[in-house]
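This is work.tsv. It holds TSV, C-alpha atoms and all ligand atoms.
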chain	number	residue	atom	x	y	z
A	1	MET	CA	0.00	0.00	0.00
A	2	LYS	CA	1.24	3.46	-0.84
A	3	ILE	CA	1.16	5.80	2.16
A	4	ASP	CA	0.06	9.27	1.04
A	5	ALA	CA	0.18	11.13	4.35
A	6	ILE	CA	0.33	10.71	8.10
A	7	VAL	CA	-1.61	13.15	10.27
A	8	LEU	CA	-0.77	13.41	13.98
A	9	SER	CA	-3.33	15.08	16.25
A	10	GLU	CA	-3.28	15.78	19.96
A	11	LEU	CA	-6.70	15.97	21.57
A	12	HIS	CA	-7.54	17.22	25.04
A	13	MET	CA	-10.26	15.09	26.61
A	14	PRO	CA	-11.39	15.40	30.25
A	15	LEU	CA	-12.25	12.08	31.94
A	16	VAL	CA	-15.77	11.91	33.37
A	17	ARG	CA	-14.15	11.12	36.74
A	18	PRO	CA	-10.54	11.22	37.96
A	19	PHE	CA	-8.56	7.96	37.89
A	20	GLU	CA	-6.07	7.47	40.75
A	21	THR	CA	-3.29	4.86	40.80
A	22	SER	CA	-0.30	4.38	43.08
A	23	PHE	CA	1.63	6.76	40.79
A	24	GLY	CA	-0.84	9.63	40.62
A	25	VAL	CA	-4.21	11.04	39.55
A	26	THR	CA	-5.30	11.53	35.94
A	27	ARG	CA	-8.11	14.05	35.31
A	28	ASP	CA	-7.55	15.07	31.71
A	29	ARG	CA	-6.11	12.98	28.93
A	30	ARG	CA	-3.85	14.20	26.17
A	31	ILE	CA	-4.83	11.75	23.42
A	32	LEU	CA	-2.41	11.39	20.51
A	33	LEU	CA	-3.93	9.97	17.33
A	34	ALA	CA	-2.31	8.99	14.05
A	35	GLU	CA	-4.32	8.95	10.85
A	36	VAL	CA	-2.57	7.09	8.03
A	37	GLN	CA	-3.98	7.89	4.59
A	38	SER	CA	-3.43	5.37	1.82
A	39	GLU	CA	-5.09	5.17	-1.60
A	40	GLY	CA	-8.42	6.58	-0.42
A	41	LEU	CA	-8.53	4.63	2.87
A	42	THR	CA	-7.70	5.85	6.36
A	43	GLY	CA	-6.23	3.79	9.19
A	44	TRP	CA	-6.29	5.08	12.75
A	45	GLY	CA	-3.93	4.50	15.65
A	46	GLU	CA	-3.87	5.83	19.21
A	47	CYS	CA	-0.79	6.37	21.34
A	48	THR	CA	-1.32	4.97	24.85
A	49	ALA	CA	1.48	6.94	26.52
A	50	GLY	CA	0.42	8.85	29.62
A	51	GLU	CA	0.71	12.57	30.18
A	52	HIS	CA	3.77	11.95	32.37
A	53	PRO	CA	6.39	9.16	32.20
A	54	TYR	CA	5.00	7.42	35.31
A	55	PHE	CA	3.69	4.10	33.95
A	56	SER	CA	6.62	3.81	31.55
A	57	ALA	CA	9.37	6.03	30.16
A	58	GLU	CA	7.18	7.39	27.36
A	59	SER	CA	4.82	10.36	27.59
A	60	THR	CA	2.51	12.09	25.12
A	61	GLU	CA	5.29	14.59	24.49
A	62	THR	CA	8.11	12.08	23.87
A	63	ALA	CA	5.85	10.01	21.62
A	64	TRP	CA	4.87	13.11	19.61
A	65	GLN	CA	8.53	13.92	18.98
A	66	VAL	CA	9.49	10.36	18.06
A	67	LEU	CA	6.47	9.94	15.78
A	68	LEU	CA	6.97	13.27	14.04
A	69	HIS	CA	10.74	13.19	13.59
A	70	GLU	CA	11.56	9.47	13.38
A	71	LEU	CA	8.73	6.98	12.85
A	72	ALA	CA	6.48	8.82	10.41
A	73	PRO	CA	9.44	9.62	8.08
A	74	LEU	CA	10.58	5.96	8.24
A	75	LEU	CA	7.11	4.70	7.37
A	76	LEU	CA	6.77	7.16	4.47
A	77	ALA	CA	10.21	6.18	3.16
A	78	ALA	CA	9.49	2.43	3.37
A	79	ALA	CA	8.84	0.65	0.10
A	80	SER	CA	5.04	0.24	0.30
A	81	PRO	CA	4.40	-1.74	3.50
A	82	GLU	CA	1.79	-4.39	2.73
A	83	HIS	CA	1.10	-5.55	6.27
A	84	GLY	CA	0.92	-4.18	9.79
A	85	GLY	CA	3.42	-6.95	10.48
A	86	ASP	CA	6.02	-5.14	8.32
A	87	CYS	CA	6.24	-2.26	10.81
A	88	PRO	CA	8.64	-3.76	13.39
A	89	ARG	CA	11.23	-4.16	10.60
A	90	ILE	CA	10.60	-0.63	9.31
A	91	PHE	CA	11.05	0.80	12.83
A	92	ARG	CA	13.96	-1.49	13.80
A	93	SER	CA	16.58	1.29	13.86
A	94	ILE	CA	14.66	3.12	16.60
A	95	ARG	CA	15.32	1.74	20.06
A	96	GLY	CA	12.50	1.56	22.62
A	97	ASN	CA	9.50	3.88	22.29
A	98	PRO	CA	6.98	1.02	21.92
A	99	MET	CA	3.89	3.19	22.45
A	100	ALA	CA	4.96	5.58	19.70
A	101	LYS	CA	5.65	2.63	17.37
A	102	ALA	CA	2.32	0.95	18.18
A	103	THR	CA	0.46	4.13	17.19
A	104	LEU	CA	1.53	3.75	13.55
A	105	GLU	CA	1.72	-0.04	13.41
A	106	ASN	CA	-1.86	-0.40	14.64
A	107	ALA	CA	-3.09	2.15	12.08
A	108	ILE	CA	-1.45	0.03	9.33
A	109	TRP	CA	-3.21	-3.11	10.66
A	110	ASP	CA	-6.50	-1.17	10.52
A	111	LEU	CA	-5.74	-0.18	6.90
A	112	GLU	CA	-4.78	-3.74	5.98
A	113	ALA	CA	-8.08	-5.06	7.37
A	114	GLN	CA	-10.01	-2.47	5.36
A	115	ARG	CA	-8.13	-3.40	2.17
A	116	GLU	CA	-8.83	-7.09	2.79
A	117	GLY	CA	-12.48	-6.33	3.57
A	118	VAL	CA	-12.35	-8.11	6.95
A	119	SER	CA	-12.67	-6.96	10.53
A	120	LEU	CA	-9.45	-6.30	12.40
A	121	ALA	CA	-10.44	-9.11	14.80
A	122	ARG	CA	-10.58	-11.64	11.93
A	123	LEU	CA	-7.41	-10.30	10.28
A	124	ILE	CA	-5.38	-11.05	13.42
A	125	GLY	CA	-6.96	-14.50	13.76
A	126	GLY	CA	-9.49	-13.70	16.48
A	127	VAL	CA	-11.93	-16.48	17.34
A	128	ARG	CA	-14.47	-14.74	19.63
A	129	GLU	CA	-17.72	-13.03	18.69
A	130	THR	CA	-17.99	-11.37	22.10
A	131	ILE	CA	-15.36	-10.53	24.70
A	132	PRO	CA	-15.80	-10.62	28.48
A	133	CYS	CA	-15.23	-7.29	30.24
A	134	GLY	CA	-13.90	-6.20	33.61
A	135	VAL	CA	-13.29	-2.79	35.14
A	136	SER	CA	-10.25	-1.23	36.76
A	137	LEU	CA	-11.25	0.94	39.72
A	138	GLY	CA	-8.92	3.68	40.91
A	139	ILE	CA	-8.04	4.52	44.48
A	140	HIS	CA	-11.09	6.26	45.98
A	141	ALA	CA	-11.35	8.94	48.70
A	142	THR	CA	-13.08	6.52	51.09
A	143	ILE	CA	-13.98	2.83	51.22
A	144	PRO	CA	-17.76	3.54	51.15
A	145	ASP	CA	-17.18	5.55	47.95
A	146	LEU	CA	-15.41	2.54	46.42
A	147	LEU	CA	-18.18	0.14	47.54
A	148	ALA	CA	-20.76	2.37	45.83
A	149	THR	CA	-18.71	2.29	42.61
A	150	ILE	CA	-18.38	-1.51	42.74
A	151	GLU	CA	-22.12	-1.85	43.26
A	152	ARG	CA	-22.77	0.24	40.16
A	153	GLU	CA	-20.25	-1.68	37.99
A	154	LEU	CA	-21.59	-5.08	39.07
A	155	ALA	CA	-25.12	-3.91	38.29
A	156	ALA	CA	-23.89	-2.88	34.83
A	157	GLY	CA	-22.80	-6.51	34.27
A	158	TYR	CA	-19.00	-6.33	34.53
A	159	ARG	CA	-17.49	-9.74	35.22
A	160	ARG	CA	-14.36	-8.84	37.14
A	161	ILE	CA	-13.49	-6.00	39.47
A	162	LYS	CA	-9.85	-4.89	39.64
A	163	LEU	CA	-8.88	-2.61	42.51
A	164	LYS	CA	-5.92	-0.28	42.27
A	165	CYS	CA	-3.96	-0.65	45.50
A	166	LYS	CA	-0.91	0.68	47.34
A	167	PRO	CA	0.41	0.53	50.91
A	168	GLY	CA	-2.41	1.97	53.05
A	169	TRP	CA	-5.10	1.14	50.45
A	170	ASP	CA	-5.06	-2.64	50.37
A	171	VAL	CA	-5.91	-5.17	53.12
A	172	GLU	CA	-8.65	-3.12	54.76
A	173	VAL	CA	-10.17	-2.41	51.36
A	174	PHE	CA	-10.06	-6.10	50.30
A	175	GLU	CA	-11.64	-7.09	53.65
A	176	ARG	CA	-14.56	-4.74	53.22
A	177	VAL	CA	-15.13	-5.67	49.58
A	178	ARG	CA	-14.93	-9.43	50.24
A	179	HIS	CA	-17.22	-9.11	53.25
A	180	ARG	CA	-19.88	-7.55	51.04
A	181	TRP	CA	-19.25	-9.67	47.91
A	182	PRO	CA	-17.71	-13.04	48.92
A	183	GLU	CA	-18.05	-14.57	45.43
A	184	ILE	CA	-17.13	-11.95	42.81
A	185	ALA	CA	-14.05	-12.23	40.60
A	186	LEU	CA	-11.72	-9.73	42.27
A	187	SER	CA	-8.12	-8.73	41.56
A	188	CYS	CA	-5.72	-5.93	42.48
A	189	ASP	CA	-3.07	-3.87	40.68
A	190	ALA	CA	-0.27	-2.14	42.59
A	191	ASN	CA	1.59	-0.54	39.66
A	192	SER	CA	4.89	-1.33	41.42
A	193	ALA	CA	3.97	0.28	44.76
A	194	TYR	CA	5.60	-2.42	46.98
A	195	ARG	CA	9.16	-3.46	47.85
A	196	LEU	CA	10.77	-6.68	49.10
A	197	ARG	CA	10.25	-5.67	52.72
A	198	ASP	CA	6.48	-5.88	52.01
A	199	GLN	CA	6.58	-9.62	51.16
A	200	ASP	CA	4.83	-10.79	54.34
A	201	HIS	CA	2.23	-8.09	53.89
A	202	ILE	CA	1.58	-9.10	50.26
A	203	ALA	CA	1.37	-12.77	51.34
A	204	SER	CA	-1.51	-11.75	53.61
A	205	PHE	CA	-3.53	-10.90	50.43
A	206	ASP	CA	-3.89	-14.69	49.98
A	207	ALA	CA	-6.76	-14.51	52.49
A	208	PHE	CA	-8.97	-12.65	49.99
A	209	ASP	CA	-9.10	-15.21	47.20
A	210	LEU	CA	-7.99	-12.72	44.56
A	211	LEU	CA	-7.85	-13.86	40.93
A	212	MET	CA	-4.39	-12.29	40.73
A	213	ILE	CA	-2.11	-9.60	42.11
A	214	GLU	CA	-0.84	-7.38	39.29
A	215	GLN	CA	2.70	-5.93	39.23
A	216	PRO	CA	3.35	-5.53	42.96
A	217	LEU	CA	7.13	-4.93	42.62
A	218	TRP	CA	9.46	-2.94	40.32
A	219	HIS	CA	8.29	-2.08	36.80
A	220	ASP	CA	11.29	-3.80	35.19
A	221	ASP	CA	11.66	-6.84	37.48
A	222	PHE	CA	11.36	-10.58	36.88
A	223	TYR	CA	13.54	-12.19	39.52
A	224	PHE	CA	12.03	-10.74	42.69
A	225	HIS	CA	8.51	-11.36	41.39
A	226	SER	CA	9.56	-15.03	41.01
A	227	VAL	CA	10.75	-15.07	44.62
A	228	LEU	CA	7.47	-13.51	45.74
A	229	GLN	CA	5.35	-15.85	43.59
A	230	LYS	CA	6.85	-18.88	45.37
A	231	ARG	CA	5.49	-17.54	48.66
A	232	LEU	CA	1.96	-16.90	47.36
A	233	ARG	CA	-1.08	-19.02	46.66
A	234	THR	CA	-2.52	-16.16	44.59
A	235	PRO	CA	-1.21	-15.91	41.00
A	236	LEU	CA	0.91	-12.88	40.17
A	237	CYS	CA	0.22	-11.06	36.90
A	238	LEU	CA	2.86	-8.94	35.18
A	239	ASP	CA	1.98	-5.75	33.28
A	240	GLU	CA	4.81	-3.16	33.24
A	241	SER	CA	7.58	-5.83	33.14
A	242	ILE	CA	6.42	-7.38	29.86
A	243	GLY	CA	7.71	-5.40	26.88
A	244	ASN	CA	7.94	-8.23	24.34
A	245	ARG	CA	7.82	-11.99	23.71
A	246	ARG	CA	11.25	-12.59	25.26
A	247	ASP	CA	10.12	-10.90	28.46
A	248	ALA	CA	7.03	-13.12	28.50
A	249	LEU	CA	9.19	-16.23	28.05
A	250	ALA	CA	11.56	-15.12	30.81
A	251	ALA	CA	8.68	-14.42	33.19
A	252	ILE	CA	6.97	-17.74	32.46
A	253	GLU	CA	10.16	-19.81	32.70
A	254	MET	CA	11.31	-18.09	35.90
A	255	GLY	CA	7.88	-18.42	37.50
A	256	SER	CA	7.60	-14.64	37.92
A	257	CYS	CA	3.85	-14.80	37.24
A	258	ARG	CA	1.04	-17.20	36.28
A	259	VAL	CA	-1.02	-14.69	34.27
A	260	LEU	CA	-0.07	-12.03	31.71
A	261	ASN	CA	-1.62	-8.64	31.00
A	262	ILE	CA	-1.06	-7.70	27.33
A	263	LYS	CA	-1.21	-4.05	26.27
A	264	LEU	CA	-0.77	-3.09	22.63
A	265	GLY	CA	1.15	0.10	23.36
A	266	ARG	CA	3.45	-1.39	25.99
A	267	VAL	CA	4.66	-4.13	23.62
A	268	GLY	CA	4.90	-1.95	20.48
A	269	GLY	CA	1.76	-2.95	18.55
A	270	PHE	CA	-0.22	-5.90	17.22
A	271	SER	CA	2.78	-7.93	15.94
A	272	GLU	CA	4.44	-8.22	19.31
A	273	ALA	CA	1.11	-8.47	21.19
A	274	ILE	CA	0.21	-11.51	19.06
A	275	ALA	CA	3.70	-12.97	19.66
A	276	VAL	CA	3.31	-12.55	23.44
A	277	HIS	CA	-0.16	-14.09	23.25
A	278	ASN	CA	1.12	-17.09	21.26
A	279	ALA	CA	4.00	-17.68	23.67
A	280	ALA	CA	1.58	-17.65	26.61
A	281	LEU	CA	-1.02	-19.85	24.87
A	282	GLU	CA	1.57	-22.51	24.01
A	283	ARG	CA	2.56	-22.64	27.68
A	284	GLY	CA	-0.91	-22.64	29.18
A	285	ILE	CA	-0.63	-19.15	30.66
A	286	PRO	CA	-3.93	-17.20	30.51
A	287	VAL	CA	-3.80	-13.61	29.25
A	288	TRP	CA	-6.11	-10.60	29.27
A	289	CYS	CA	-6.08	-7.20	27.60
A	290	GLY	CA	-5.04	-4.22	29.72
A	291	GLY	CA	-6.29	-0.67	29.28
A	292	MET	CA	-4.64	2.75	29.32
A	293	LEU	CA	-7.69	5.05	29.59
A	294	GLU	CA	-7.98	5.02	25.79
A	295	SER	CA	-10.35	6.91	23.56
A	296	GLY	CA	-12.53	4.91	21.18
A	297	VAL	CA	-9.69	4.37	18.69
A	298	GLY	CA	-7.39	2.56	21.12
A	299	ARG	CA	-10.42	0.84	22.63
A	300	ALA	CA	-11.43	-0.56	19.21
A	301	HIS	CA	-7.94	-2.04	18.83
A	302	ASN	CA	-8.10	-3.54	22.35
A	303	ILE	CA	-11.42	-5.17	21.49
A	304	ALA	CA	-9.96	-6.77	18.36
A	305	LEU	CA	-6.91	-8.05	20.28
A	306	SER	CA	-9.16	-9.57	22.96
A	307	THR	CA	-10.74	-11.93	20.41
A	308	LEU	CA	-7.58	-14.10	20.24
A	309	GLU	CA	-7.95	-17.59	21.70
A	310	GLY	CA	-5.73	-17.08	24.75
A	311	PHE	CA	-7.66	-14.05	26.08
A	312	THR	CA	-9.73	-16.19	28.44
A	313	LEU	CA	-9.92	-13.71	31.33
A	314	PRO	CA	-12.03	-10.51	31.35
A	315	GLY	CA	-9.87	-7.52	30.33
A	316	ASP	CA	-9.78	-3.86	31.37
A	317	VAL	CA	-11.77	-3.10	28.22
A	318	SER	CA	-15.00	-1.36	29.18
A	319	ALA	CA	-17.64	1.04	27.87
A	320	SER	CA	-16.79	4.47	26.40
A	321	ALA	CA	-19.23	6.12	28.82
A	322	ARG	CA	-17.12	5.10	31.84
A	323	TYR	CA	-14.42	7.48	30.58
A	324	TRP	CA	-15.92	10.10	28.28
A	325	ALA	CA	-18.94	12.40	28.13
A	326	GLU	CA	-18.66	11.91	24.38
A	327	ASP	CA	-16.27	9.41	22.76
A	328	ILE	CA	-14.68	10.09	19.37
A	329	VAL	CA	-16.06	6.92	17.78
A	330	GLU	CA	-19.47	6.07	16.36
A	331	PRO	CA	-21.07	3.98	17.73
A	332	GLU	CA	-19.54	4.35	21.18
A	333	VAL	CA	-18.24	1.15	22.80
A	334	GLU	CA	-21.07	-0.44	24.78
A	335	VAL	CA	-21.09	-3.35	27.21
A	336	SER	CA	-24.10	-5.65	27.50
A	337	GLN	CA	-25.90	-6.55	30.70
A	338	GLU	CA	-23.95	-9.84	30.50
A	339	GLY	CA	-20.69	-7.87	30.70
A	340	GLU	CA	-19.68	-8.45	27.08
A	341	ILE	CA	-18.72	-6.40	24.04
A	342	ALA	CA	-19.98	-7.77	20.71
A	343	ILE	CA	-17.44	-7.76	17.87
A	344	VAL	CA	-18.41	-5.56	14.92
A	345	GLU	CA	-17.77	-7.45	11.68
A	346	THR	CA	-17.36	-4.49	9.33
A	347	PRO	CA	-13.99	-4.09	7.56
A	348	GLY	CA	-11.25	-2.60	9.76
A	349	ARG	CA	-11.51	-1.39	13.34
A	350	GLY	CA	-15.32	-1.57	13.44
A	351	TYR	CA	-15.94	1.89	14.90
A	352	GLU	CA	-16.16	4.99	12.72
A	353	VAL	CA	-14.07	7.95	13.79
A	354	ARG	CA	-15.98	11.22	14.35
A	355	ALA	CA	-13.94	13.74	12.35
A	356	ASP	CA	-16.08	16.69	13.52
A	357	LEU	CA	-15.55	15.95	17.21
A	358	ILE	CA	-11.84	15.25	16.72
A	359	GLU	CA	-11.47	18.60	14.98
A	360	ARG	CA	-13.12	20.33	17.96
A	361	LEU	CA	-10.92	18.59	20.56
A	362	THR	CA	-7.63	18.97	18.67
A	363	VAL	CA	-5.01	21.29	20.18
A	364	ARG	CA	-2.16	20.54	17.76
A	365	LYS	CA	-1.84	18.82	14.43
A	366	GLU	CA	0.96	17.97	11.98
A	367	THR	CA	0.75	16.43	8.54
A	368	ILE	CA	3.76	14.50	7.25
A	369	ARG	CA	3.96	13.64	3.56
A	370	ALA	CA	6.40	11.63	1.51
A	371	ALA	CA	9.16	13.90	0.22
A	372	ALA	CA	8.50	14.64	-3.46
A	373	LEU	CA	10.85	12.58	-5.62
A	374	VAL	CA	13.34	14.85	-7.34
A	375	GLY	CA	14.16	14.50	-11.04
B	1	LIG	O1	-1.79	-0.57	35.18
B	1	LIG	O2	-3.46	-1.28	34.11
B	1	LIG	C1	-2.79	-0.33	34.52
B	1	LIG	C2	-4.48	2.97	33.58
B	1	LIG	C3	-3.39	3.76	33.31
B	1	LIG	C4	-2.13	3.23	33.47
B	1	LIG	C5	-1.97	1.91	33.88
B	1	LIG	C6	-3.06	1.11	34.14
B	1	LIG	C7	-4.33	1.67	34.02
B	1	LIG	C8	-5.57	0.95	34.33
B	1	LIG	C9	-6.82	1.47	33.69
B	1	LIG	O3	-5.65	0.05	35.12
B	1	LIG	C10	-7.42	0.53	32.73
B	1	LIG	C11	-8.50	1.21	31.93
B	1	LIG	O4	-9.63	1.24	32.42
B	1	LIG	O5	-8.21	1.70	30.81
B	2	MG	MG	-1.57	-2.67	35.45
Just dump the structure as structure tokens.
Amino acid sequence: MKIDAIVLSELHMPLVRPFETSFGVTRDRRILLAEVQSEGLTGWGECTAGEHPYFSAESTETAWQVLLHELAPLLLAAASPEHGGDCPRIFRSIRGNPMAKATLENAIWDLEAQREGVSLARLIGGVRETIPCGVSLGIHATIPDLLATIERELAAGYRRIKLKCKPGWDVEVFERVRHRWPEIALSCDANSAYRLRDQDHIASFDAFDLLMIEQPLWHDDFYFHSVLQKRLRTPLCLDESIGNRRDALAAIEMGSCRVLNIKLGRVGGFSEAIAVHNAALERGIPVWCGGMLESGVGRAHNIALSTLEGFTLPGDVSASARYWAEDIVEPEVEVSQEGEIAIVETPGRGYEVRADLIERLTVRKETIRAAALVG
């Protein structure tokens, strides 16, 4: 496919409610979108970097720079990429920056699906017609506030509740939640808030029958998670630590976790996400799709990814309305009373992008075109 132009846009979108993790509070998102235009079709990608380099080293600002000055020129200079799967090779000279890379790679996968006339879910080999959904609940001001939120999400049909936690917002919270709902599928995510001295404390989480404990220790660690896992009955799940297939293999072989969270941005796009998924599936390790407070574009890609065979656990992929007063896709992402999202079988990502709304929310925009051939 010949790439005619790449348009980068930064949108400012306030969340309907603040989201607090162990590393901080997010109230407003800076959403970075890439629109890749090719022979009359348009593929869309979303950068999942945060506003600050707290979750990982990338931020909206670093990704903007890398996309504008490095990745977009490489993609435009490449001899007609035919597949999303060609992107890792095209971007090979650029070290790191997986979220920036995923922005363009995922847009090319969207384009490829449109050209083939199949949904993105089918293009990647997805086998599900619906995906099971969970929610990730931030740290709340009080435990009663959190209980009220859980009540609302369970009533909406969500099949798994994940609680953000940190020292001081953990055991007491789990006790109160389990007391009220002894049977629900419940997990927690520390975003690296604990250290080795907290091992006994983390072992006490075993009392709450959690589905998993996500990334309790350092963001780049395998070994100490394997030490901790040996002491726990509860499975550990790694998020931040898993940047690619080799990381997944290391984590599985070392016993650092028994479950994997796969995020498209964190691993650099669909190619590597599928590779991580395949490695886990071959070894009997269940996976689920993580979320990064995405707009409808990133959400559509997460939905497609979640249709792969190994995504047996409910992901952090939930309805647009939980995040946005108005999402930038049409229709918005909706979750059924059974806690499922139905896969849309139209060609490509399955959700139209609302150009009018994007225009209104955009605070900066750059168009990059192939340099005109001289002579
Ligand atoms: O660790 O999964 C995480 C949001 C921002 C950064 C990291 C994480 C999260 C979430 C939210 O848990 C998931 C979502 O609802 O998009
Ligand atoms: Mg996480």
**Q.** Between CA of Glu253 (chain A) and CA of Gly84 (chain A), distance in Å (one decimal)
**A.** 29.2 Å
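The nearest approach to ligand LIG 1 (chain B) among the residues A:Gly138, A:Gly243, A:Gly339, A:Pro314, with all atoms listed in the file taken into account, belongs to A:Gly138.
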Q) Residues within 9 Å of ligand MG 2 (chain B) (only C-alpha atoms and all ligand atoms), as a PyMOL selection string? A) chain A and resi 55+136+164+188-192+214-215+237-240+261+290-292
Q. Using all atoms listed in the file, which residues sit within 8 Å of Trp218 (chain A) once same-chain residues fewer than 4 positions away are excluded, as a PyMOL selection string?
A. chain A and resi 192-195+241
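Distance-wise, CA of Val329 (chain A) and CA of Arg299 (chain A) end up 9.6 Å apart.
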Neighbours of region 151-162 of chain A within 8 Å (all atoms listed in the file; same-chain residues fewer than 5 positions away dropped), as a PDB file with C-alpha atoms, in the frame of the given file?
ATOM      1  CA  PRO A 132     -15.800 -10.620  28.480  1.00  0.00           C
ATOM      2  CA  CYS A 133     -15.230  -7.290  30.240  1.00  0.00           C
ATOM      3  CA  GLY A 134     -13.900  -6.200  33.610  1.00  0.00           C
ATOM      4  CA  VAL A 135     -13.290  -2.790  35.140  1.00  0.00           C
ATOM      5  CA  SER A 136     -10.250  -1.230  36.760  1.00  0.00           C
ATOM      6  CA  LEU A 137     -11.250   0.940  39.720  1.00  0.00           C
ATOM      7  CA  ILE A 184     -17.130 -11.950  42.810  1.00  0.00           C
ATOM      8  CA  ALA A 185     -14.050 -12.230  40.600  1.00  0.00           C
ATOM      9  CA  LEU A 186     -11.720  -9.730  42.270  1.00  0.00           C
ATOM     10  CA  SER A 187      -8.120  -8.730  41.560  1.00  0.00           C
ATOM     11  CA  CYS A 188      -5.720  -5.930  42.480  1.00  0.00           C
ATOM     12  CA  ASP A 189      -3.070  -3.870  40.680  1.00  0.00           C
ATOM     13  CA  PRO A 314     -12.030 -10.510  31.350  1.00  0.00           C
ATOM     14  CA  VAL A 335     -21.090  -3.350  27.210  1.00  0.00           C
ATOM     15  CA  SER A 336     -24.100  -5.650  27.500  1.00  0.00           C
ATOM     16  CA  GLN A 337     -25.900  -6.550  30.700  1.00  0.00           C
ATOM     17  CA  GLU A 338     -23.950  -9.840  30.500  1.00  0.00           C
ATOM     18  CA  GLY A 339     -20.690  -7.870  30.700  1.00  0.00           C
ATOM     19  CA  GLU A 340     -19.680  -8.450  27.080  1.00  0.00           C
TER      20      GLU A 340
END
Q) If we count all atoms listed in the file, what is near Pro144 (chain A) at a cut-off of 12 Å, once residues fewer than 6 positions away on the same chain are taken out, given as a list in words? A) Ile150, Glu151, Glu172, Val173, Arg176, Val177 and Arg180 of chain A
Produce the centre coordinates and the three edge lengths, each in Å to one decimal, of the box along x, y and z that contains all listed atoms of ligand LIG 1 (chain B) with 8 Å added on each side, as AutoDock Vina command-line options.
--center_x -5.7 --center_y 1.2 --center_z 33.0 --size_x 23.8 --size_y 21.0 --size_z 20.4
**Q.** Interatomic distance (Å, one decimal) between CA of Glu294 (chain A) and atom O4 of ligand LIG 1 (chain B)
**A.** 7.8 Å
Q: Determine, counting all atoms listed in the file, every residue of protein, DNA or RNA that lies within 8 Å of (-1.2, -1.2, 9.5) in the file coordinates, then give the result as a ChimeraX atom specification.
A: /A:43,83-85,87,104-112
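Candidate residues A:Ala251, A:Ile202, A:Ala113, A:Ile94 were compared for distance to Asp220 (chain A), and the nearest is A:Ala251, using only C-alpha atoms.
Excluding Arg233 (chain A) itself and any same-chain residue fewer than 5 positions from it, the protein and nucleic acid residues within 9 Å of it, counting only C-alpha atoms, are Ala203, Asp206 and Asp209 of chain A.
Among the candidate residues A:Val227, A:Val363, A:Leu163, A:Val66, the one lying nearest to ligand LIG 1 (chain B) is A:Leu163, with distances computed using only C-alpha atoms and all ligand atoms.
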Q | Of the listed residues A:Thr103, A:Thr142, A:Ser38, A:Gln65, that which approaches Glu82 (chain A) most closely, counting all atoms listed in the file | A | A:Ser38
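Closest to ligand LIG 1 (chain B) among A:Met254, A:Ile131, A:Val344, A:Ile139 is A:Ile139, based on all atoms listed in the file.
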Which residues are close to region 4-6 of chain A, i.e. within 6 Å by all atoms listed in the file, leaving aside same-chain residues fewer than 4 positions away? Reply as a PDB file with C-alpha atoms, in the frame of the given file.
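So the final result, stored in part29.pdb, reads:
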ATOM      1  CA  GLU A  35      -4.320   8.950  10.850  1.00  0.00           C
ATOM      2  CA  VAL A  36      -2.570   7.090   8.030  1.00  0.00           C
ATOM      3  CA  GLN A  37      -3.980   7.890   4.590  1.00  0.00           C
ATOM      4  CA  SER A  38      -3.430   5.370   1.820  1.00  0.00           C
ATOM      5  CA  THR A 367       0.750  16.430   8.540  1.00  0.00           C
ATOM      6  CA  ILE A 368       3.760  14.500   7.250  1.00  0.00           C
ATOM      7  CA  ARG A 369       3.960  13.640   3.560  1.00  0.00           C
TER       8      ARG A 369
END
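Distance check against ligand LIG 1 (chain B) using only C-alpha atoms and all ligand atoms: of A:Glu282, A:Glu326, A:Asp316, A:Glu332, the minimum falls on A:Asp316.
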Q) Taking (3.9, -5.4, 20.5) in the file's coordinates as the center, which residues reach within 12 Å of it, counting all atoms listed in the file, put as a ChimeraX atom specification? A) /A:84-85,87-88,96-106,242-248,262-277,305
